[in-house]
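Source file structure_18.csv; content: CSV, C-alpha atoms.
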chain,number,residue,atom,x,y,z
A,1,MET,CA,-10.9,-15.5,26.5
A,2,ALA,CA,-12.4,-12.5,24.7
A,3,GLU,CA,-10.2,-11.2,21.9
A,4,ASP,CA,-10.2,-7.6,23.4
A,5,HIS,CA,-8.5,-9.0,26.5
A,6,LEU,CA,-5.7,-11.2,25.1
A,7,SER,CA,-2.9,-12.0,27.5
A,8,LEU,CA,0.2,-11.5,25.5
A,9,CYS,CA,2.2,-13.5,28.0
A,10,ASP,CA,0.3,-16.6,27.0
A,11,HIS,CA,0.2,-15.8,23.3
A,12,PRO,CA,2.7,-16.9,20.6
A,13,LEU,CA,3.3,-13.2,20.1
A,14,ALA,CA,5.5,-13.3,23.2
A,15,LEU,CA,8.1,-14.9,20.9
A,16,CYS,CA,8.3,-11.9,18.6
A,17,SER,CA,10.5,-9.6,20.6
A,18,ARG,CA,13.5,-10.5,18.5
A,19,MET,CA,11.6,-10.7,15.2
A,20,THR,CA,11.9,-8.2,12.4
A,21,ILE,CA,8.4,-7.5,11.0
A,22,ALA,CA,7.7,-5.5,7.9
A,23,TYR,CA,4.5,-3.5,7.6
A,24,VAL,CA,3.2,-3.0,4.0
A,25,PHE,CA,0.4,-0.7,2.9
A,26,GLY,CA,-1.3,-1.1,-0.5
A,27,GLY,CA,-2.1,1.4,-3.1
A,28,MET,CA,-5.4,3.1,-3.7
A,29,HIS,CA,-8.1,0.5,-3.3
A,30,ASN,CA,-11.2,1.0,-5.5
A,31,GLU,CA,-13.5,-1.6,-4.0
A,32,GLY,CA,-16.1,-1.1,-1.3
A,33,SER,CA,-15.2,-0.4,2.3
A,34,THR,CA,-14.5,-3.3,4.6
A,35,ALA,CA,-13.7,-1.2,7.6
A,36,ALA,CA,-17.0,-1.5,9.6
A,37,PRO,CA,-16.3,-4.9,11.4
A,38,MET,CA,-12.9,-3.7,12.8
A,39,TYR,CA,-14.6,-0.4,13.9
A,40,GLU,CA,-17.4,-2.3,15.7
A,41,ARG,CA,-15.2,-4.8,17.4
A,42,TYR,CA,-12.1,-2.9,18.6
A,43,ALA,CA,-12.1,0.2,20.8
A,44,ALA,CA,-8.6,1.1,19.4
A,45,ALA,CA,-10.1,1.3,15.9
A,46,ARG,CA,-13.0,3.5,17.1
A,47,SER,CA,-10.5,5.8,18.7
A,48,THR,CA,-8.6,6.1,15.4
A,49,TYR,CA,-11.8,7.1,13.6
A,50,ARG,CA,-12.6,9.7,16.2
A,51,GLN,CA,-9.2,11.4,15.6
A,52,VAL,CA,-9.7,11.3,11.8
A,53,GLU,CA,-13.1,12.9,12.2
A,54,GLU,CA,-11.5,15.8,14.1
A,55,TRP,CA,-8.9,16.4,11.3
A,56,THR,CA,-11.1,15.9,8.3
A,57,GLY,CA,-14.7,16.6,9.3
A,58,TYR,CA,-15.8,13.2,8.0
A,59,ASP,CA,-17.9,11.4,10.6
A,60,PRO,CA,-17.4,7.6,11.2
A,61,ASP,CA,-20.4,6.7,9.0
A,62,GLN,CA,-18.9,8.6,6.1
A,63,LEU,CA,-15.5,7.1,6.7
A,64,LEU,CA,-16.9,3.6,6.9
A,65,GLY,CA,-19.0,4.0,3.7
A,66,ARG,CA,-22.3,3.8,5.6
A,67,SER,CA,-23.4,7.3,4.5
A,68,GLU,CA,-22.5,9.6,1.6
A,69,PRO,CA,-19.4,11.8,1.9
A,70,PRO,CA,-19.7,15.6,1.9
A,71,LEU,CA,-21.4,17.0,-1.1
A,72,GLY,CA,-19.0,17.7,-3.9
A,73,ALA,CA,-16.0,15.9,-2.3
A,74,PRO,CA,-13.7,14.5,-5.0
A,75,SER,CA,-13.9,10.7,-5.1
A,76,ARG,CA,-10.1,10.3,-4.9
A,77,ARG,CA,-10.0,12.4,-1.8
A,78,VAL,CA,-12.8,10.3,-0.1
A,79,LYS,CA,-11.0,7.0,-1.0
A,80,ALA,CA,-7.7,8.2,0.3
A,81,ILE,CA,-9.1,9.3,3.6
A,82,ARG,CA,-11.1,6.2,4.1
A,83,GLN,CA,-8.2,3.9,3.2
A,84,ALA,CA,-5.7,5.7,5.4
A,85,ALA,CA,-8.2,5.7,8.3
A,86,GLN,CA,-8.8,1.9,7.9
A,87,ALA,CA,-5.1,1.1,7.6
A,88,LEU,CA,-4.2,3.1,10.7
A,89,ALA,CA,-7.0,1.6,12.6
A,90,VAL,CA,-5.6,-1.9,11.9
A,91,HIS,CA,-2.2,-0.6,12.9
A,92,ASP,CA,-3.5,0.6,16.2
A,93,VAL,CA,-5.3,-2.7,16.9
A,94,LEU,CA,-2.1,-4.6,16.3
A,95,THR,CA,-0.1,-2.1,18.4
A,96,GLU,CA,-2.4,-2.6,21.3
A,97,ARG,CA,-1.5,-6.3,21.1
A,98,GLY,CA,2.2,-5.7,21.1
A,99,VAL,CA,2.9,-6.0,17.3
A,100,ARG,CA,5.2,-3.3,16.0
A,101,PRO,CA,7.2,-3.1,12.8
A,102,SER,CA,10.9,-2.7,12.4
A,103,VAL,CA,10.6,-1.6,8.7
A,104,THR,CA,7.8,-0.4,6.6
A,105,GLY,CA,6.8,0.6,3.1
A,106,GLY,CA,3.9,1.0,0.8
A,107,LEU,CA,2.7,1.4,-2.8
A,108,SER,CA,1.5,4.8,-3.9
A,109,LEU,CA,-1.0,6.0,-1.3
A,110,GLY,CA,0.4,3.3,1.0
A,111,ALA,CA,3.8,4.9,0.8
A,112,GLN,CA,2.5,8.0,2.5
A,113,ILE,CA,0.7,5.9,5.1
A,114,ALA,CA,3.9,4.1,5.8
A,115,ALA,CA,5.7,7.4,6.3
A,116,CYS,CA,3.1,8.3,8.9
A,117,ILE,CA,3.4,5.1,10.9
A,118,ALA,CA,7.2,5.5,10.8
A,119,GLY,CA,6.8,8.8,12.6
A,120,SER,CA,8.1,11.0,9.7
A,121,VAL,CA,4.7,12.7,9.2
A,122,SER,CA,2.1,13.3,11.9
A,123,ARG,CA,-1.3,11.8,11.4
A,124,GLU,CA,-2.9,15.2,11.6
A,125,ALA,CA,-0.6,16.5,8.8
A,126,LEU,CA,-1.3,13.4,6.6
A,127,PHE,CA,-5.1,13.7,6.9
A,128,THR,CA,-5.0,17.4,6.5
A,129,LEU,CA,-3.1,16.9,3.2
A,130,PHE,CA,-5.6,14.3,2.0
A,131,ALA,CA,-8.6,16.5,3.0
A,132,ARG,CA,-7.3,19.3,0.9
A,133,SER,CA,-6.0,17.4,-2.1
A,134,TRP,CA,-7.3,15.9,-5.3
A,135,ASP,CA,-9.7,18.8,-6.0
A,136,GLU,CA,-9.0,18.4,-9.7
A,137,PRO,CA,-7.8,22.0,-10.1
A,138,ASP,CA,-8.1,23.8,-13.4
A,139,ARG,CA,-6.1,22.0,-16.1
A,140,PRO,CA,-3.4,23.8,-18.0
A,141,GLY,CA,-4.7,25.6,-21.0
A,142,GLY,CA,-8.2,25.9,-19.6
A,143,GLU,CA,-9.5,22.8,-21.4
A,144,ALA,CA,-13.3,23.1,-21.5
A,145,THR,CA,-13.6,19.3,-22.0
A,146,PRO,CA,-10.7,17.5,-20.4
A,147,ARG,CA,-9.1,14.8,-22.6
A,148,ALA,CA,-10.2,11.4,-21.5
A,149,GLN,CA,-7.5,9.6,-19.4
A,150,GLY,CA,-7.2,6.0,-18.4
A,151,VAL,CA,-4.9,3.0,-17.7
A,152,ALA,CA,-4.0,-0.1,-19.6
A,153,PHE,CA,-2.9,-3.3,-17.9
A,154,VAL,CA,-0.3,-5.1,-20.1
A,155,GLY,CA,1.4,-8.4,-19.8
A,156,ILE,CA,5.1,-8.3,-20.8
A,157,PRO,CA,7.3,-11.4,-21.1
A,158,VAL,CA,9.6,-11.4,-18.1
A,159,GLY,CA,12.5,-12.3,-20.5
A,160,GLU,CA,12.1,-9.0,-22.3
A,161,ASP,CA,11.7,-7.0,-19.0
A,162,PRO,CA,13.6,-8.9,-16.3
A,163,ASP,CA,14.3,-6.0,-14.0
A,164,GLY,CA,11.2,-4.0,-14.6
A,165,ASP,CA,13.0,-1.2,-16.4
A,166,ALA,CA,12.7,-2.0,-20.1
A,167,TYR,CA,9.9,0.6,-20.5
A,168,ALA,CA,10.8,3.0,-17.7
A,169,PRO,CA,11.0,5.9,-17.6
A,170,ASP,CA,10.6,6.2,-21.4
A,171,ARG,CA,7.2,7.1,-22.8
A,172,VAL,CA,5.5,4.3,-24.6
A,173,GLY,CA,3.3,5.5,-27.5
A,174,GLY,CA,2.6,8.7,-25.6
A,175,SER,CA,1.8,6.7,-22.4
A,176,TYR,CA,3.8,6.2,-19.2
A,177,ARG,CA,4.7,3.2,-17.1
A,178,GLY,CA,2.6,4.0,-14.1
A,179,VAL,CA,2.7,0.8,-11.9
A,180,ASP,CA,4.9,-2.2,-12.2
A,181,LEU,CA,3.1,-5.0,-10.5
A,182,GLY,CA,5.9,-7.5,-11.2
A,183,PRO,CA,5.7,-11.1,-12.3
A,184,VAL,CA,2.2,-12.7,-12.1
A,185,GLY,CA,0.8,-16.2,-12.5
A,186,ASP,CA,3.5,-18.7,-13.3
A,187,GLY,CA,6.1,-15.9,-13.2
A,188,MET,CA,6.6,-15.8,-17.0
A,189,MET,CA,4.7,-12.5,-17.5
A,190,ARG,CA,5.2,-9.2,-15.8
A,191,CYS,CA,2.0,-7.0,-15.4
A,192,VAL,CA,2.5,-3.3,-16.0
A,193,MET,CA,-0.2,-0.6,-15.7
A,194,PHE,CA,0.5,2.1,-18.3
A,195,SER,CA,-1.1,5.5,-17.7
A,196,GLY,CA,-2.1,7.9,-20.4
A,197,TYR,CA,-4.8,9.4,-22.5
A,198,LEU,CA,-7.3,6.8,-23.8
A,199,ASP,CA,-6.6,7.4,-27.5
A,200,GLN,CA,-2.9,6.9,-26.8
A,201,LEU,CA,-3.5,3.7,-24.8
A,202,GLU,CA,-5.5,2.3,-27.7
A,203,GLN,CA,-2.5,3.0,-30.0
A,204,LEU,CA,-0.2,1.4,-27.4
A,205,ALA,CA,-2.3,-1.8,-27.5
A,206,GLN,CA,-2.1,-1.9,-31.3
A,207,SER,CA,1.7,-1.3,-31.4
A,208,LEU,CA,2.8,-3.9,-28.8
A,209,PRO,CA,5.3,-6.5,-30.0
A,210,PRO,CA,4.2,-10.2,-30.3
A,211,GLY,CA,4.0,-11.9,-27.0
A,212,HIS,CA,2.7,-8.9,-25.1
A,213,GLN,CA,-0.9,-9.0,-23.9
A,214,VAL,CA,-3.3,-6.2,-23.1
A,215,ALA,CA,-5.5,-7.5,-20.3
A,216,LYS,CA,-7.6,-4.4,-19.9
A,217,ILE,CA,-8.0,-0.7,-20.9
A,218,SER,CA,-10.0,1.2,-18.3
A,219,ALA,CA,-11.3,4.8,-18.0
A,220,GLU,CA,-12.2,4.3,-14.4
A,221,LEU,CA,-8.8,5.5,-13.2
A,222,PRO,CA,-7.0,8.7,-14.3
A,223,ALA,CA,-3.5,8.6,-15.7
A,224,THR,CA,-2.0,8.0,-12.2
A,225,HIS,CA,1.7,8.1,-11.6
A,226,SER,CA,2.5,10.0,-14.7
A,227,PRO,CA,3.3,13.6,-15.7
A,228,ILE,CA,-0.3,13.9,-16.9
A,229,GLN,CA,-1.1,14.4,-13.2
A,230,GLN,CA,1.3,17.3,-12.8
A,231,HIS,CA,-1.6,19.7,-12.1
A,232,ILE,CA,-2.6,17.6,-9.1
A,233,SER,CA,1.0,17.2,-8.0
A,234,ASP,CA,1.4,21.0,-8.1
A,235,ALA,CA,-1.6,21.5,-5.9
A,236,MET,CA,-0.4,18.9,-3.4
A,237,ALA,CA,3.1,20.5,-3.4
A,238,ALA,CA,1.6,23.7,-2.1
A,239,GLU,CA,0.2,21.8,0.9
A,240,ILE,CA,3.4,19.7,1.4
A,241,ALA,CA,5.4,22.9,1.6
A,242,GLY,CA,3.7,23.7,4.9
A,243,MET,CA,4.1,20.2,6.3
A,244,VAL,CA,6.7,19.2,9.0
A,245,PHE,CA,8.8,16.1,8.1
A,246,THR,CA,11.1,14.5,10.6
A,247,ASP,CA,13.6,11.6,10.3
A,248,PRO,CA,11.6,8.4,10.5
A,249,ASP,CA,11.8,6.2,13.6
A,250,ILE,CA,12.1,3.0,11.4
A,251,PRO,CA,13.3,2.6,7.8
A,252,ILE,CA,10.9,3.3,5.1
A,253,CYS,CA,11.3,1.4,1.8
A,254,SER,CA,10.5,3.4,-1.3
A,255,CYS,CA,8.2,2.2,-4.1
A,256,LEU,CA,9.8,4.6,-6.6
A,257,GLU,CA,13.2,2.8,-6.6
A,258,THR,CA,14.9,0.2,-4.5
A,259,ARG,CA,16.0,2.6,-1.7
A,260,THR,CA,15.6,3.0,2.0
A,261,LEU,CA,14.4,6.4,3.2
A,262,THR,CA,16.0,7.5,6.5
A,263,THR,CA,15.8,11.3,6.6
A,264,ALA,CA,13.1,13.9,6.6
A,265,GLY,CA,14.3,15.1,3.2
A,266,ASP,CA,14.0,11.6,1.8
A,267,VAL,CA,10.4,11.4,2.8
A,268,ARG,CA,9.5,14.9,1.6
A,269,ASP,CA,10.9,14.0,-1.8
A,270,LEU,CA,8.8,10.9,-1.9
A,271,PHE,CA,5.6,13.0,-1.2
A,272,LEU,CA,6.6,15.5,-3.9
A,273,ARG,CA,7.3,12.9,-6.6
A,274,ILE,CA,4.7,10.1,-5.9
A,275,THR,CA,1.9,11.6,-8.0
A,276,THR,CA,3.8,11.9,-11.2
A,277,THR,CA,6.4,9.1,-10.9
A,278,GLY,CA,5.9,5.4,-11.7
A,279,VAL,CA,5.8,3.0,-8.7
A,280,SER,CA,6.9,-0.6,-8.4
A,281,VAL,CA,5.8,-3.6,-6.3
A,282,PRO,CA,9.1,-5.5,-7.0
A,283,LYS,CA,11.3,-2.5,-6.0
A,284,LEU,CA,9.3,-2.1,-2.8
A,285,LEU,CA,9.6,-5.8,-1.9
A,286,ASP,CA,13.3,-5.8,-2.8
A,287,GLY,CA,13.9,-2.9,-0.5
A,288,LEU,CA,12.0,-4.6,2.3
A,289,MET,CA,14.0,-7.8,1.9
A,290,MET,CA,17.3,-5.8,2.4
A,291,HIS,CA,16.2,-5.5,6.0
A,292,GLY,CA,15.7,-9.2,6.5
A,293,PRO,CA,12.1,-9.4,7.8
A,294,GLY,CA,10.8,-12.7,9.2
A,295,LEU,CA,7.3,-11.8,8.3
A,296,ALA,CA,5.6,-9.1,6.1
A,297,VAL,CA,2.1,-7.9,7.2
A,298,VAL,CA,-0.1,-6.1,4.7
A,299,LEU,CA,-2.4,-3.8,6.7
A,300,GLY,CA,-5.8,-2.5,5.6
A,301,PRO,CA,-7.4,-2.7,2.1
A,302,SER,CA,-5.2,-4.1,-0.5
A,303,GLN,CA,-5.0,-6.4,-3.5
A,304,PHE,CA,-3.1,-8.8,-1.3
A,305,ASP,CA,-2.0,-11.2,-4.1
A,306,ARG,CA,0.4,-8.5,-5.3
A,307,TYR,CA,2.6,-9.2,-2.4
A,308,LEU,CA,2.7,-13.0,-2.4
A,309,ARG,CA,5.9,-13.1,-4.4
A,310,SER,CA,7.7,-11.9,-1.4
A,311,ARG,CA,10.6,-14.1,-0.3
A,312,VAL,CA,9.2,-14.2,3.3
A,313,PRO,CA,5.8,-15.3,4.5
A,314,VAL,CA,3.1,-12.6,4.1
A,315,ALA,CA,0.0,-12.1,6.1
A,316,HIS,CA,-3.0,-9.7,5.5
A,317,VAL,CA,-5.0,-8.0,8.3
A,318,GLU,CA,-8.1,-6.2,7.2
A,319,ARG,CA,-10.9,-7.8,9.2
A,320,PRO,CA,-11.3,-8.9,12.8
A,321,GLY,CA,-10.9,-12.6,12.0
A,322,GLN,CA,-7.4,-11.9,10.6
A,323,VAL,CA,-6.1,-10.3,13.8
A,324,ASP,CA,-5.6,-13.5,15.8
A,325,ALA,CA,-4.4,-15.2,12.7
A,326,VAL,CA,-1.5,-12.8,12.2
A,327,LEU,CA,-0.7,-13.1,15.9
A,328,GLU,CA,-0.4,-16.8,15.4
A,329,ALA,CA,1.6,-16.2,12.3
A,330,VAL,CA,4.1,-14.1,14.2
A,331,GLY,CA,4.5,-16.9,16.7
A,332,THR,CA,4.7,-19.7,14.1
A,333,VAL,CA,7.3,-18.0,11.9
A,334,ARG,CA,9.4,-17.2,15.0
A,335,HIS,CA,9.0,-20.8,16.2
A,336,ILE,CA,10.2,-22.5,13.0
A,337,GLY,CA,13.2,-20.2,12.7
A,338,LEU,CA,12.3,-18.3,9.6
A,339,VAL,CA,13.4,-15.1,11.3
A,340,ASN,CA,16.9,-16.4,11.4
A,341,SER,CA,18.3,-15.6,8.0
A,342,ASP,CA,21.3,-18.0,8.7
A,343,SER,CA,19.0,-21.0,9.2
A,344,THR,CA,19.8,-23.8,6.7
A,345,ASP,CA,17.6,-26.5,8.4
A,346,GLU,CA,15.7,-28.0,5.5
A,347,ASN,CA,13.1,-29.5,7.9
A,348,GLU,CA,12.2,-26.0,9.2
A,349,ARG,CA,11.9,-24.7,5.6
A,350,THR,CA,9.7,-27.6,4.7
A,351,VAL,CA,7.4,-26.8,7.5
A,352,ALA,CA,7.3,-23.2,6.3
A,353,ARG,CA,6.3,-24.3,2.8
A,354,ARG,CA,3.4,-26.3,4.3
A,355,LEU,CA,2.0,-23.4,6.3
A,356,PRO,CA,-1.8,-23.5,5.7
A,357,ALA,CA,-4.2,-20.6,5.4
A,358,GLN,CA,-5.0,-19.6,8.9
A,359,GLY,CA,-8.5,-18.4,9.4
A,360,SER,CA,-9.3,-15.8,6.8
A,361,VAL,CA,-5.6,-14.7,6.4
A,362,ALA,CA,-3.3,-16.4,4.0
A,363,VAL,CA,0.1,-17.0,5.5
A,364,VAL,CA,2.3,-18.4,2.8
A,365,PRO,CA,5.9,-18.6,1.9
A,366,GLY,CA,7.0,-16.3,-1.0
A,367,ALA,CA,7.3,-17.8,-4.5

Could I get this structure in the form of structure tokens?
Amino acid sequence: MAEDHLSLCDHPLALCSRMTIAYVFGGMHNEGSTAAPMYERYAAARSTYRQVEEWTGYDPDQLLGRSEPPLGAPSRRVKAIRQAAQALAVHDVLTERGVRPSVTGGLSLGAQIAACIAGSVSREALFTLFARSWDEPDRPGGEATPRAQGVAFVGIPVGEDPDGDAYAPDRVGGSYRGVDLGPVGDGMMRCVMFSGYLDQLEQLAQSLPPGHQVAKISAELPATHSPIQQHISDAMAAEIAGMVFTDPDIPICSCLETRTLTTAGDVRDLFLRITTTGVSVPKLLDGLMMHGPGLAVVLGPSQFDRYLRSRVPVAHVERPGQVDAVLEAVGTVRHIGLVNSDSTDENERTVARRLPAQGSVAVVPGA
């Protein structure tokens, strides 16, 4: 049977009607576009891209990375529009097959996409915001040569930072805690991305206590999620002031703190704060877990391994081969009873731990 004509009655997805599914959207992705295969295979994805073209003026080839974006378009704007279009295209393909989330959340840019799929912000408003943002407006003081910004990825012993708050929101050597990626590897180290000016990040690296590790200092990213980006936040705030926010249809879990957003005001506050405030993968996951999902699905481009420490199985959908795999995952997780938080059957939990990779999507229990 062709994938575009799946019969949901015969598919394991039919078991998901009582299942709580969390949709997760990753932060700004800096690698090349992987959107073309979904666009070529699914009519629902092509329809999404046609809408985005109407709102942004970017044609499908530009959105898919097949041709150059409009001359002079800021790279962060282009990346945001492309990533949001791809994530929503994946969402629409899954919706066509009957998969719908009960709770959602995202990291950074992904948090704004989550607000859109939760119905708090219209798609047109979201893409209009992205199409008018990140123009790098004049910096305070009229700096002729802007001071070089960057980020530093630092490993911190979990014992010194068990809750991810040891360095937040305090400035560290003139730098800021921009992104808490949470425990990595064997769980003994927490990876934190500090944002700041490059000279300050070098000082930070030299002043870290023993046991801390600087994995990388990069000038490829600006000082994201820090007050250094206030000029961009101010420019976005002017656009946000004209946007209509409504109470979300499903809960949205914040990446700024472990909190569920349930009102229009909550979501507007997220949009206003996200550019200059540190974000956290663990806080996002903790918030999602409060809603008891049986499966978390990461949609669109993402550094997927960031979410594997979730306490429920996690699947990733970015390419066509992963669509059927996540449908199977929905059915499998429902079948073995993981959706039932009261289940204590060790045999079922053993089966869950043995879930193999399915196709090109990893479906694994959380660490």

Between A:Ala325, A:Leu284, A:Val312, A:Val154, single out the one closest to A:Leu261, counting all atoms listed in the file.
A:Leu284

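For the set A:Pro320, A:Phe130, A:Arg311, A:Ala73, the residue with the smallest atom-to-atom gap to A:Tyr39 is A:Pro320, counting only C-alpha atoms.
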
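The coordinates place atom CA of A:Val184 at 29.4 Å from atom CA of A:Ala85.
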
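In this structure, atom CA of A:Val93 sits 8.7 Å away from atom CA of A:Met38.
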
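Closest approach to A:Arg309 from the set A:Val281, A:Ala115, A:Ile240, A:Glu96 is made by A:Val281, with distances taken over all atoms listed in the file.
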
For A:Gln303, the nearest of the candidates A:Gly159, A:Gly196, A:Pro74, A:Gly110, counting all atoms listed in the file:
A:Gly110

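When all atoms listed in the file are used to compute distances to A:Leu198, the closest of the residues A:Pro248, A:Pro157, A:Pro222, A:Gly150 turns out to be A:Gly150.
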
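Between atom CA of A:Leu126 and atom CA of A:Gly321 the separation is 28.2 Å.
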
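Shortest atom-to-atom contact with A:Ala80 among A:Thr128, A:Thr95, A:Thr277, A:Ser226: A:Thr128, counting only C-alpha atoms.
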
Give me, as an MDAnalysis selection string, all polymer residues having an atom no more than 9 Å from A:Phe271, counting all atoms listed in the file and skipping those fewer than 6 positions away in the same chain.
chainID A and resid 111:112 236:237 240

Spatial neighbours of A:Ser195, max dist 6 Å, all atoms listed in the file, sep filter under 5 positions, as a list in words:
Val151, Ser175, Tyr176, Gly178 and Ala223 of chain A

Centre, edges in Å (one decimal): axis-aligned box, stretch 146-163 of chain A, 5 Å padding on all six sides, as AutoDock Vina command-line options:
--center_x 1.8 --center_y 2.6 --center_z -18.3 --size_x 35.0 --size_y 39.8 --size_z 18.6

Can you tell me which residues surround A:Pro282 at a distance of at most 9 Å, considering all atoms listed in the file, apart from same-chain residues fewer than 3 positions away, and format the answer as a ChimeraX atom specification?
/A:163-164,180-183,255,258,285-287,307,309-310

Would you save the residues from that selection as a CSV table (one decimal), keeping the file's coordinate frame, using C-alpha atoms?
chain,number,residue,atom,x,y,z
A,163,ASP,CA,14.3,-6.0,-14.0
A,164,GLY,CA,11.2,-4.0,-14.6
A,180,ASP,CA,4.9,-2.2,-12.2
A,181,LEU,CA,3.1,-5.0,-10.5
A,182,GLY,CA,5.9,-7.5,-11.2
A,183,PRO,CA,5.7,-11.1,-12.3
A,255,CYS,CA,8.2,2.2,-4.1
A,258,THR,CA,14.9,0.2,-4.5
A,285,LEU,CA,9.6,-5.8,-1.9
A,286,ASP,CA,13.3,-5.8,-2.8
A,287,GLY,CA,13.9,-2.9,-0.5
A,307,TYR,CA,2.6,-9.2,-2.4
A,309,ARG,CA,5.9,-13.1,-4.4
A,310,SER,CA,7.7,-11.9,-1.4

A:Pro101: which residues within 9 Å, counting all atoms listed in the file, same-chain residues fewer than 2 positions away excluded, as a list of chain:residue names?
A:Thr20, A:Ile21, A:Ala22, A:Tyr23, A:Val99, A:Val103, A:Thr104, A:Ala118, A:Ile250, A:Val297

With all atoms listed in the file as the counted atoms, please give the residues lying no more than 8 Å from A:Thr276, apart from itself and same-chain residues fewer than 4 positions off, as number ranges by chain.
A: 224-230, 233
